[in-house]
Each structure stands twice: as structure tokens, then as C-alpha cells.
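S.K.: The structure's right below; bear with me while I get my questions together.
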Amino acid sequence: MPVQDKPARFEKDAAAIIAAVGGEENISSLYHCVTRLRFGLKDNAKADQAALTAIGPVVGVNDAGSQYQVIIGNDVPLVHKAIVAELPRLASSEESAADASADGKGGKQKLHTRFFDFISGVFAPILPAIAGAGLLKGVLALINAFGWVDPTSQTFLIFSAIADAVFFFLPIVVAVSAARKLNANPYVAASLGAVLVYPALTTMLGAGEPVALLGVTVTSVSYAYSVIPVLLGVYLMSWAERLFTKIIPSFLKLTFVPMLTLVTVVPITLVVLGPLGTFVGNGVAGGINWALDNGGAPAGFVIGALLPLIIMTGMHYALVPFILQNLATLGYDKFLPLTYVQTFATAGAVFGVFLRAKNAQIKALSLSTTFTALMGVTEPALYGLALPLRRPLIASMAGAGVGGAISLGFGVQAYVLAGNGGLPGLPGLVGATFGWAILGIVLAFVVSTVVSAILGIDESILAKASQTVAPGNKPAVASTASTSSSSSDAPLAPSSGELIASPMAGELISLDDVPDKTFSQRLVGDGAAIRPTSGHVTSPVTGEVVTVFPTKHAVAVRSDEGTEVLIHIGIDTVSLQGRGFEAHVAEGDRVTVGDPLIDVDLDAVSATNNTVTVIVVTNLGLRSIVRGTPGLRGNGDALMHVLSTIDATETKKEATA
């Protein structure tokens with residue numbers, strides 16, 4: 001893909017994300033849903049969560065086993081496009097998603113984890129089509145309910161076809177997505193799905209007369225709008241395709257592999273898998289519907305309160321097949337209204353933060369995420385505010401519980417899968433229970449707002465969170481990737497610029513020699529590195545501790561002059577989860593040069609990780625770095641100077657003279 005096709009504003013962010021997930025060699029697949037990049041990584045432990053969350057557009061990270069999710073928000077299509085521009089092989093990487101599970105951690109996951117990953121991997125890519133058509137169905141239902149259109153008119157019928165086609169031919173759409181997830185041929189899978197909705201076959205199966213295939217009875221089942229039968233069929237197809245590919249000579253593969261796959265899998269699907277899938281789907285959907293129909297307000301409260309957690313883990317995707325089946329067979333679904341309740345409860349929780357915040361920047365952040373959540377995108381609010389702060393998460397669970405009790409208590413129904421639980425998706429609830437649906441939504445928002453305001457917020461924690469998630473206000477770690485700075489090695493004069501002292505004893509080396517592209521390519525800032533001989537880490541400047549990472553492998557200090565210095569101890573040490581590290585400071589602590597920050601057991605860490613420690617200035621801007629000459633350093637010795645534009649000019653003149 002040509003470089004100019006990349007969204008310019010995300011070019012460096014894309015490179016930083018690739019590096020932070022372990023580099024190109026660690027990525028097996030990539031696709032995105034409404035708000036998340038969904039990576040298939042060969043080794044999730046190689047991803048650096050701290051580095052990822054420091055990148056501009058990244059809101060948060062969720063390690064879901066075989067799927068590593070990087071939450072972006074509304075800009076996810078642009079970020080995805082920028083990453084694909086860097087790595088064109090990922091343009092169709094859904095086809096290799098199965099390899100990600102086999103090669104990486106996913107292959108080691110429990111059966112239920114792999115099931116959730118498979119379901120989310122199949123339905124996340126097709127949700128835009130389902131959501132768009134579903135919303136149109138809701139709008140058509142709304143204008144028809146108000147009598148604004150003649151439902152028998154040709155115009156209305158054409159728009160109805162636009163809205164309904166993707167659902168009627170859902171087996172074809174699901175087949176293509178499932179084939180990509182299973183690394184099978186998506187076009188052969190589409191042919192399998194097309195057979196299930198072939199008009200002549202559908203008519204024959206629905207005529208009420210016995211149907212036989214090679215003497216074996218074919219159960220009369222309607223596959224339009226169905227999901228489970230085609231999923232089972234494509235799963236079998238993926239195995240059959242691999243088998244025939246192995247045993248058929250290369251010069252015959254092009255025609256004989258697809259033919260043999262179809263003539264083997266389609267009959268088995270019609271005779272066995274289709275009826276079995278229908279039976280299982282009806283049984284599971286019946287069980288879910290029984291709970292939704294009979295659980296009443298108590299069940300609504302419990303499910304509603306748990307929904308924020310369920311959605312954060314992606315487990316809600318497992319219910320999509322049964323939701324679609326309910327809409328096709330019953331004409332409504334009772335679980336979908338609970339997702340609306342959760343959306344508005346999340347919006348209310350962060351709106352409560354807005355009401356309590358005193359800092360203008362925090363108010364702007366919480367208000368913007370409130371609006372985003374009301375529009376149906378809750379990830380920025382959940383990952384950026386509610387989850388880190390805990391209290392807003394509790395408030396959202398309380399509001400969702402109350403709204404869920406109203407929803408199930410009064411039997412609220414959704415009539416289409418609008419794909420958006422916010423204000424734009426409200427037409428999907430239009431029907432006999434619309435009034436109760438609105439009541440549940442309003443109460444969810446109000447209760448969450450009140451509880452959030454009562455519980456209050458920790459302003460200092462929120463200030464840090466706002467720096468992490470606010471568009472255009474990322475920590476300087478992210479912004480330095482887009483700035484241009486110069487650096488050089490030279491003897492350090494005591495009067496030149498701001499002194500950055502060595503935080504460790506060891507050998508000073510260049511960032512170019514660091515075996516991590518995130519640092520060697522200066523994606524998070526410029527500076528130097530140390531091959532440590534001692535695990536005692538001290539402050540390189542006099543100022544304030546701004547960040548101590550939970551895994552204690554990194555700490556950031558801001559000097560009194562405003563220079564932010566990140567000390568990252570070792571390579572990929574985030575995977576150690578704090579083992580071998582002991583922190584002596586907390587965020588907000590005042591430190592002077594030489595004060596202890598962290599102690600690390602170098603022997604223990606070196607057994608599994610490289611101990612090279614990086615010291616970078618993350619808000620360099622137009623300033624320059626002058627490093628000391630390579631060699632041994634002790635704690636507190638001069639490491640480098642940060643020069644202003646004027647200082648840099650004078651230093652250059654002196655060097656020339």
C-alpha cells in the first residue's frame with residue numbers, strides 16, 4: 001500500500017503500536033471491531049501494556065487470551081488502516097486468525113475461552129453490516145408505527161429489502177467470516193451458506209413432503225436467518241479442505257479441493273449438522289429466554305449489574321447467535337434492552353465524575369466520554385475512567401442493575417439488532433414496550449450519575465487517567481514520537497543544559513544498541529541506556545514522581561524544570577508482573593537526585609530477560625539531548641544533558657570551532 005494512503009496523523013502511532021505488541025514477527029493476525037484492534041499474537045507476554053497505553057490514540061488494553069485487544073475508540077478504522085499500511089500482509093489477516101490461536105497463547109487456552117474467541121472473531125467483523133441494516137429496520141418500524149408511510153408502497157418494500165437482506169442471507173455472511181477465522185476458503189464457505197438458503201431447496205424443505213438425499217432423510221429446516229448450522233458446517237469444511245489439500249496433487253488442487261469439499265460437507269450439513277445446530281440453537285435460546293422471561297426484576301438486576309464486566313471481557317459476543325435467532329423466530333429479544341441499559345449507566349457514571357470534578361481538564365474529559373457513551377461507544381468511558389477509578393465502575397453497575405430490573409421486570413423487548421445501544425440505536429426498541437424501555441434507560445443513567453457523584457473521585461488519580469485517555473492530551477511519551485529532536489555524544493560541560501544523572505551503576509550505551517525497537521527507534525523519546533552492574537535505581541533529577549508502573553519495572557520522574565524522564569528497567573520485563581522488583585516511592589512523591597526509586601534483583605531478572613535499562617526524555621519537543629561519552633557510570637554521575645534550542649545552537653557552534 002502506498003505510503004500516502006496512510007492516515008497521516010496515525011503513522012507514528014501505528015509504528016509504536018506494532019513495536020509495543022512485540023513487533024511484526026509477533027503478530028499473526030489483526031482486525032478491528034467498532035472500537036478495538038483485535039490482535040492475534042504469537043506470544044501475548046511480549047506485548048508491553050505500559051508502552052501501549054502511553055501511545056496517543058490508545059485508551060486501554062485487554063488481554064483476552066488468544067486475542068489481544070487494544071482499545072482505540074472512534075478512530076479505530078484509521079489506526080487499523082495505518083497499521084495495515086505498515087504491514088500490508090495484515091490487510092486480510094482475518095484469514096490467519098486461526099493460526100494466531102494455534103501459534104500463540106490461544107492454543108493453550110481452555111475450551112470456553114477458545115469458544116468465546118471464535119464467536120467474537122466471527123461476529124465482530126460482520127457487526128457493521130448487521131448494525132446498519134438493523135438500525136434501518138428500526139427506523140422503518142418507527143415511521144410505519146407513526147403512519148408516515150404506506151407499508152405496501154414499492155419504495156417502502158425496496159427499503160425493507162435493503163434492511164432485511166443481510167438477515168435473510170445471514171448464513172452466507174456468517175460463513176465467509178467463519179471461514180476467515182478458521183483459515184478456510186471464504187468463497188467456498190459462501191457457497192456452502194448459499195446452498196442453505198437456495199430458493200428451490202428452501203421451497204422443497206418447506207413443502208411438508210419427505211425429502212431424501214441418497215436414501216437418507218433430510219430434516220425439514222429453514223436456514224434463513226440462522227447462524228448455528230452454518231457455523232458447524234464451516235467448521236467441518238475447514239477440516240475437509242485441509243485434508244483434501246494434503247492428499248490431492250498440486251495441479252488438481254484448484255478445482256478438485258473445492259468440489260470434493262462441497263460434495264462432502266454440504267450433504268453432512270443438510271442431514272446431520274443443520275438439524276443438530278437448529279436443535280442446539282433452539283435449546284440454548286430456549287434456556288436463555290426462559291431465564292429472561294421468568295427471572296423478572298431480580299434476574300434483571302443481577303444481569304444488568306454484571307454487564308459492564310461481561311462487555312469488557314467480550315463475552316457478550318457469545319449471545320449474538322441466540323439474539324439473532326430470537327429476532328428471526330420470535331420477532332423480538334429481551335437481552336438486547338439490557339445492553340442499552342448498560343450503555344446509559346456507563347454514561348451516567350462518567351457524568352457523575354463531571355459533576356464532582358474541579359479541574360477544568362478533568363471536566364472536559366469526563367463530559368466528552370459521557371457524550372461518546374451516549375452515542376453507544378462506551379470503551380473510552382469504561383477503560384479510561386470507570387475501570388481505573390473503580391468508583392465510577394461501581395456506579396455504572398448500580399445503575400445498570402436498576403435499569404435491568406425495570407427492563408426484565410416489565411418484559412422490555414428489542415425488535416432489531418441495531419448494533420448500537422446508545423441514542424442512535426433507540427429505534428430498535430420501538431414497539432409495545434418502548435415506554436418501559438425508556439424508563440429503564442433513564443433510571444440507569446440517573447442512578448449511575450447519583451451514585452457516582454456520591455461516591456466521589458480521587459482527583460489526583462483522575463488527573464493521571466485524563467492524561468492517558470484524553471484526545472490530544474496524551475502523556476508526552478506518545479507525543480515525542482512525532483517530534484524531531486537531535487542527539488549527540490560529547491563530554492558534558494557542567495553548565496550545558498539540564499543535567500540528567502545516571503539512575504544506575506553500569507555501562508552507558510546508545511539507544512541504538514537497545515534490543516527493543518520501541519526504544520531503539522526512539523518511539524517513546526530520546527535518551528540513553530545502561531547495562532547495569534547494580535540493581536539500585538535512584539532518581540536522575542530533582543522533582544516529582546509522576547508514574548510508578550504497577551509491575552514496578554518502570555518509573556517516570558518530572559524535574560522541577562519540567563523535563564519528564566522515563567526509566568524502563570530491562571526488556572520485556574512487564575511480563576514478570578513485578579517479580580524481582582521493589583518500589584520505594586509512589587506517585588506524587590518528592591525526590592532529589594540520588595534518592596532511591598526501585599531495587600531490582602538483577603540475577604533473578606537476567607535469568608529470563610535482558611537487563612538493559614533505558615532512560616529517555618519523553619517530552620523533549622524541540623530540545624536536544626547530549627549524552628556523555630560511553631563508559632562506566634555510577635549512581636548520580638552525569639549521564640546526559642537536555643539542551644534548549646539556544647543551548648543546542650551554542651553547543652553546535654562550539655563543536656564546530
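The chains in the C-alpha cells are called A, B, ... from first to last as shown; in each chain the residues are counted from 1, and the ligands are counted from 1 in the order shown.
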At a cut-off of 7 Å, using only C-alpha atoms, what residues contact segment 546-561 of chain A? Leave out same-chain residues fewer than 5 positions from it and give the result as a ChimeraX atom specification.
M.R.: /A:541,566-569,573-574,577-578,581-583,586-588
S.K.: Determine, for each residue of segment 237-297 of chain A having at least one atom at most 10 Å from an atom of segment 331-354 of chain A, the closest pair of atoms and their separation in Å to one decimal, counting only C-alpha atoms; order by chain and ascending number, as a Markdown table.
M.R.:
| residue | atom | partner | partner_atom | distance |
| --- | --- | --- | --- | --- |
| A:Ile288 | CA | A:Phe335 | CA | 8.9 |
| A:Asn289 | CA | A:Lys334 | CA | 7.6 |
| A:Leu292 | CA | A:Lys334 | CA | 6.7 |
| A:Asp293 | CA | A:Lys334 | CA | 8.1 |
S.K.: Would you output that residue set with N, CA and C atoms, as a short mmCIF file (atom, residue, chain, number, x, y, z; two decimals), in the first residue's frame?
M.R.:
data_model
loop_
_atom_site.label_atom_id
_atom_site.label_comp_id
_atom_site.auth_asym_id
_atom_site.auth_seq_id
_atom_site.Cartn_x
_atom_site.Cartn_y
_atom_site.Cartn_z
N ILE A 288 -32.06 -19.59 27.67
CA ILE A 288 -31.81 -18.17 27.94
C ILE A 288 -33.12 -17.40 28.05
N ASN A 289 -34.01 -17.68 27.10
CA ASN A 289 -35.30 -16.97 27.11
C ASN A 289 -36.13 -17.33 28.33
N LEU A 292 -34.82 -15.19 31.03
CA LEU A 292 -35.22 -13.80 30.82
C LEU A 292 -36.71 -13.60 31.05
N ASP A 293 -37.50 -14.61 30.70
CA ASP A 293 -38.96 -14.50 30.86
C ASP A 293 -39.41 -14.69 32.30
#
S.K.: Give me, please, the distance in Å between atom CA of Ala19 of chain A and atom CA of Asp572 of chain A, quoted to one decimal.
M.R.: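 That distance, rounded to one decimal, is 11.5 Å.
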S.K.: Write out as CSV the residues of segment 232-303 of chain A that have any atom within 7 Å of an atom of segment 179-196 of chain A, one row each with the nearest atom pair and its distance in Å to one decimal, counting only C-alpha atoms, sorted by chain and then rising number.
M.R.:
residue,atom,partner,partner_atom,distance
A:Val234,CA,A:Ala189,CA,6.2
A:Ser238,CA,A:Ala184,CA,5.2
A:Pro258,CA,A:Val188,CA,6.5
A:Leu262,CA,A:Leu192,CA,6.9
A:Val266,CA,A:Leu192,CA,6.4
S.K.: Taking only C-alpha atoms into account, name the residue in A:Gly206, A:Phe279, A:Leu142, A:Ser250 that is nearest to Gly425 of chain A.
M.R.: A:Leu142
S.K.: Can you measure atom CA of Ile268 of chain A to atom CA of Gly121 of chain A for me? One decimal in Å is fine.
M.R.: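 Atom CA of Gly121 of chain A lies at a distance of 24.7 Å from atom CA of Ile268 of chain A.
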S.K.: As a ChimeraX atom specification, please: the residues near segment 437-453 of chain A (cut-off 10 Å, only C-alpha atoms, same-chain neighbours under 2 positions excluded).
M.R.: /A:304,337-357,374,386,391-414,422,426,429-435,455-457
S.K.: Work out how far apart atom CA of Ala328 of chain A and atom CA of Ile143 of chain A are and give it in Å to one decimal.
M.R.: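 That distance, rounded to one decimal, is 21.1 Å.
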S.K.: Write out as number ranges by chain which residues come within 7 Å of Val616 of chain A when counting only C-alpha atoms, dropping same-chain ones fewer than 2 positions away.
M.R.: A: 525-528, 565-567, 614, 618
S.K.: Residues as selected, N, CA and C atoms, written as an mmCIF file, in the first residue's frame, can you do that?
M.R.:
data_model
loop_
_atom_site.group_PDB
_atom_site.id
_atom_site.type_symbol
_atom_site.label_atom_id
_atom_site.label_comp_id
_atom_site.auth_asym_id
_atom_site.auth_seq_id
_atom_site.Cartn_x
_atom_site.Cartn_y
_atom_site.Cartn_z
ATOM 1 N N GLY A 525 10.738 8.441 22.962
ATOM 2 C CA GLY A 525 11.580 9.546 23.379
ATOM 3 C C GLY A 525 13.046 9.245 23.136
ATOM 4 N N ASP A 526 13.910 10.258 23.355
ATOM 5 C CA ASP A 526 15.341 10.112 23.126
ATOM 6 C C ASP A 526 16.063 10.102 24.473
ATOM 7 N N GLY A 527 17.245 9.509 24.484
ATOM 8 C CA GLY A 527 17.998 9.453 25.721
ATOM 9 C C GLY A 527 19.178 8.527 25.620
ATOM 10 N N ALA A 528 19.330 7.648 26.594
ATOM 11 C CA ALA A 528 20.478 6.741 26.653
ATOM 12 C C ALA A 528 20.043 5.452 27.327
ATOM 13 N N VAL A 565 11.379 12.250 32.693
ATOM 14 C CA VAL A 565 12.354 11.192 32.439
ATOM 15 C C VAL A 565 11.723 9.843 32.776
ATOM 16 N N LEU A 566 11.697 8.955 31.785
ATOM 17 C CA LEU A 566 11.180 7.600 31.977
ATOM 18 C C LEU A 566 12.356 6.646 32.143
ATOM 19 N N ILE A 567 12.335 5.842 33.202
ATOM 20 C CA ILE A 567 13.346 4.809 33.433
ATOM 21 C C ILE A 567 12.665 3.459 33.260
ATOM 22 N N VAL A 614 16.657 1.573 30.054
ATOM 23 C CA VAL A 614 16.526 2.725 29.163
ATOM 24 C C VAL A 614 16.153 3.953 29.975
ATOM 25 N N THR A 618 10.759 12.030 27.689
ATOM 26 C CA THR A 618 9.536 11.776 26.932
ATOM 27 C C THR A 618 8.825 13.031 26.461
#
S.K.: Taking only C-alpha atoms into account, name the residue in A:Ile248, A:Ala604, A:Leu273, A:Ala165 that is nearest to Thr261 of chain A.
M.R.: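 Closest to Thr261 of chain A, using only C-alpha atoms: A:Ile248.
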S.K.: Using DSSP on the backbone, list every residue of segment 158-251 of chain A that comes out as alpha helix (DSSP H), and give them as an MDAnalysis selection string.
M.R.: chainID A and resid 158:168 170:181 186:196 199:206 228:247
S.K.: Take the residues that were just selected and, keeping C-alpha atoms, output them as a JSON list (two decimals), in the first residue's frame.
M.R.:
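In the end it all went to out_0.json:
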[["chain", "number", "residue", "atom", "x", "y", "z"],
["A", 158, "ILE", "CA", -37.37, -1.72, -1.51],
["A", 159, "PHE", "CA", -36.04, -0.15, 1.68],
["A", 160, "SER", "CA", -37.35, -3.16, 3.61],
["A", 161, "ALA", "CA", -35.35, -5.41, 1.29],
["A", 162, "ILE", "CA", -32.23, -3.33, 2.00],
["A", 163, "ALA", "CA", -32.82, -3.70, 5.73],
["A", 164, "ASP", "CA", -33.75, -7.38, 5.72],
["A", 165, "ALA", "CA", -31.45, -8.92, 3.10],
["A", 166, "VAL", "CA", -28.40, -9.32, 5.33],
["A", 167, "PHE", "CA", -30.51, -11.15, 7.92],
["A", 168, "PHE", "CA", -32.25, -13.42, 5.40],
["A", 170, "LEU", "CA", -27.11, -14.40, 7.18],
["A", 171, "PRO", "CA", -25.79, -17.95, 6.62],
["A", 172, "ILE", "CA", -23.70, -16.65, 3.69],
["A", 173, "VAL", "CA", -22.33, -13.67, 5.62],
["A", 174, "VAL", "CA", -21.53, -15.78, 8.68],
["A", 175, "ALA", "CA", -19.94, -18.47, 6.52],
["A", 176, "VAL", "CA", -17.46, -16.01, 5.00],
["A", 177, "SER", "CA", -16.48, -14.59, 8.39],
["A", 178, "ALA", "CA", -16.19, -18.04, 10.00],
["A", 179, "ALA", "CA", -14.01, -19.27, 7.14],
["A", 180, "ARG", "CA", -11.63, -16.37, 7.62],
["A", 181, "LYS", "CA", -11.46, -17.08, 11.33],
["A", 186, "PRO", "CA", -14.21, -17.88, 2.36],
["A", 187, "TYR", "CA", -15.70, -18.23, -1.12],
["A", 188, "VAL", "CA", -16.21, -21.98, -0.81],
["A", 189, "ALA", "CA", -17.77, -21.28, 2.58],
["A", 190, "ALA", "CA", -20.07, -18.71, 0.95],
["A", 191, "SER", "CA", -21.15, -21.43, -1.47],
["A", 192, "LEU", "CA", -22.00, -23.67, 1.49],
["A", 193, "GLY", "CA", -24.06, -20.90, 3.08],
["A", 194, "ALA", "CA", -25.78, -20.18, -0.22],
["A", 195, "VAL", "CA", -26.91, -23.79, -0.51],
["A", 196, "LEU", "CA", -28.73, -23.48, 2.83],
["A", 199, "PRO", "CA", -34.75, -20.85, -3.02],
["A", 200, "ALA", "CA", -35.61, -24.18, -4.68],
["A", 201, "LEU", "CA", -34.15, -26.15, -1.77],
["A", 202, "THR", "CA", -35.92, -23.93, 0.76],
["A", 203, "THR", "CA", -39.22, -24.48, -1.07],
["A", 204, "MET", "CA", -38.71, -28.24, -1.21],
["A", 205, "LEU", "CA", -37.87, -28.49, 2.50],
["A", 206, "GLY", "CA", -40.85, -26.32, 3.43],
["A", 228, "ILE", "CA", -25.51, -22.19, 14.33],
["A", 229, "PRO", "CA", -26.00, -24.65, 11.41],
["A", 230, "VAL", "CA", -23.65, -22.79, 9.08],
["A", 231, "LEU", "CA", -21.05, -22.36, 11.84],
["A", 232, "LEU", "CA", -20.96, -26.13, 12.29],
["A", 233, "GLY", "CA", -20.84, -26.65, 8.53],
["A", 234, "VAL", "CA", -17.92, -24.26, 8.00],
["A", 235, "TYR", "CA", -16.04, -25.80, 10.91],
["A", 236, "LEU", "CA", -16.32, -29.22, 9.25],
["A", 237, "MET", "CA", -15.42, -27.62, 5.91],
["A", 238, "SER", "CA", -12.17, -26.23, 7.33],
["A", 239, "TRP", "CA", -11.05, -29.75, 8.26],
["A", 240, "ALA", "CA", -12.20, -31.28, 5.00],
["A", 241, "GLU", "CA", -10.43, -28.60, 2.98],
["A", 242, "ARG", "CA", -7.14, -29.20, 4.79],
["A", 243, "LEU", "CA", -7.48, -32.96, 4.29],
["A", 244, "PHE", "CA", -8.13, -32.73, 0.55],
["A", 245, "THR", "CA", -5.36, -30.16, 0.14],
["A", 246, "LYS", "CA", -2.87, -32.65, 1.59],
["A", 247, "ILE", "CA", -3.88, -35.67, -0.47]]
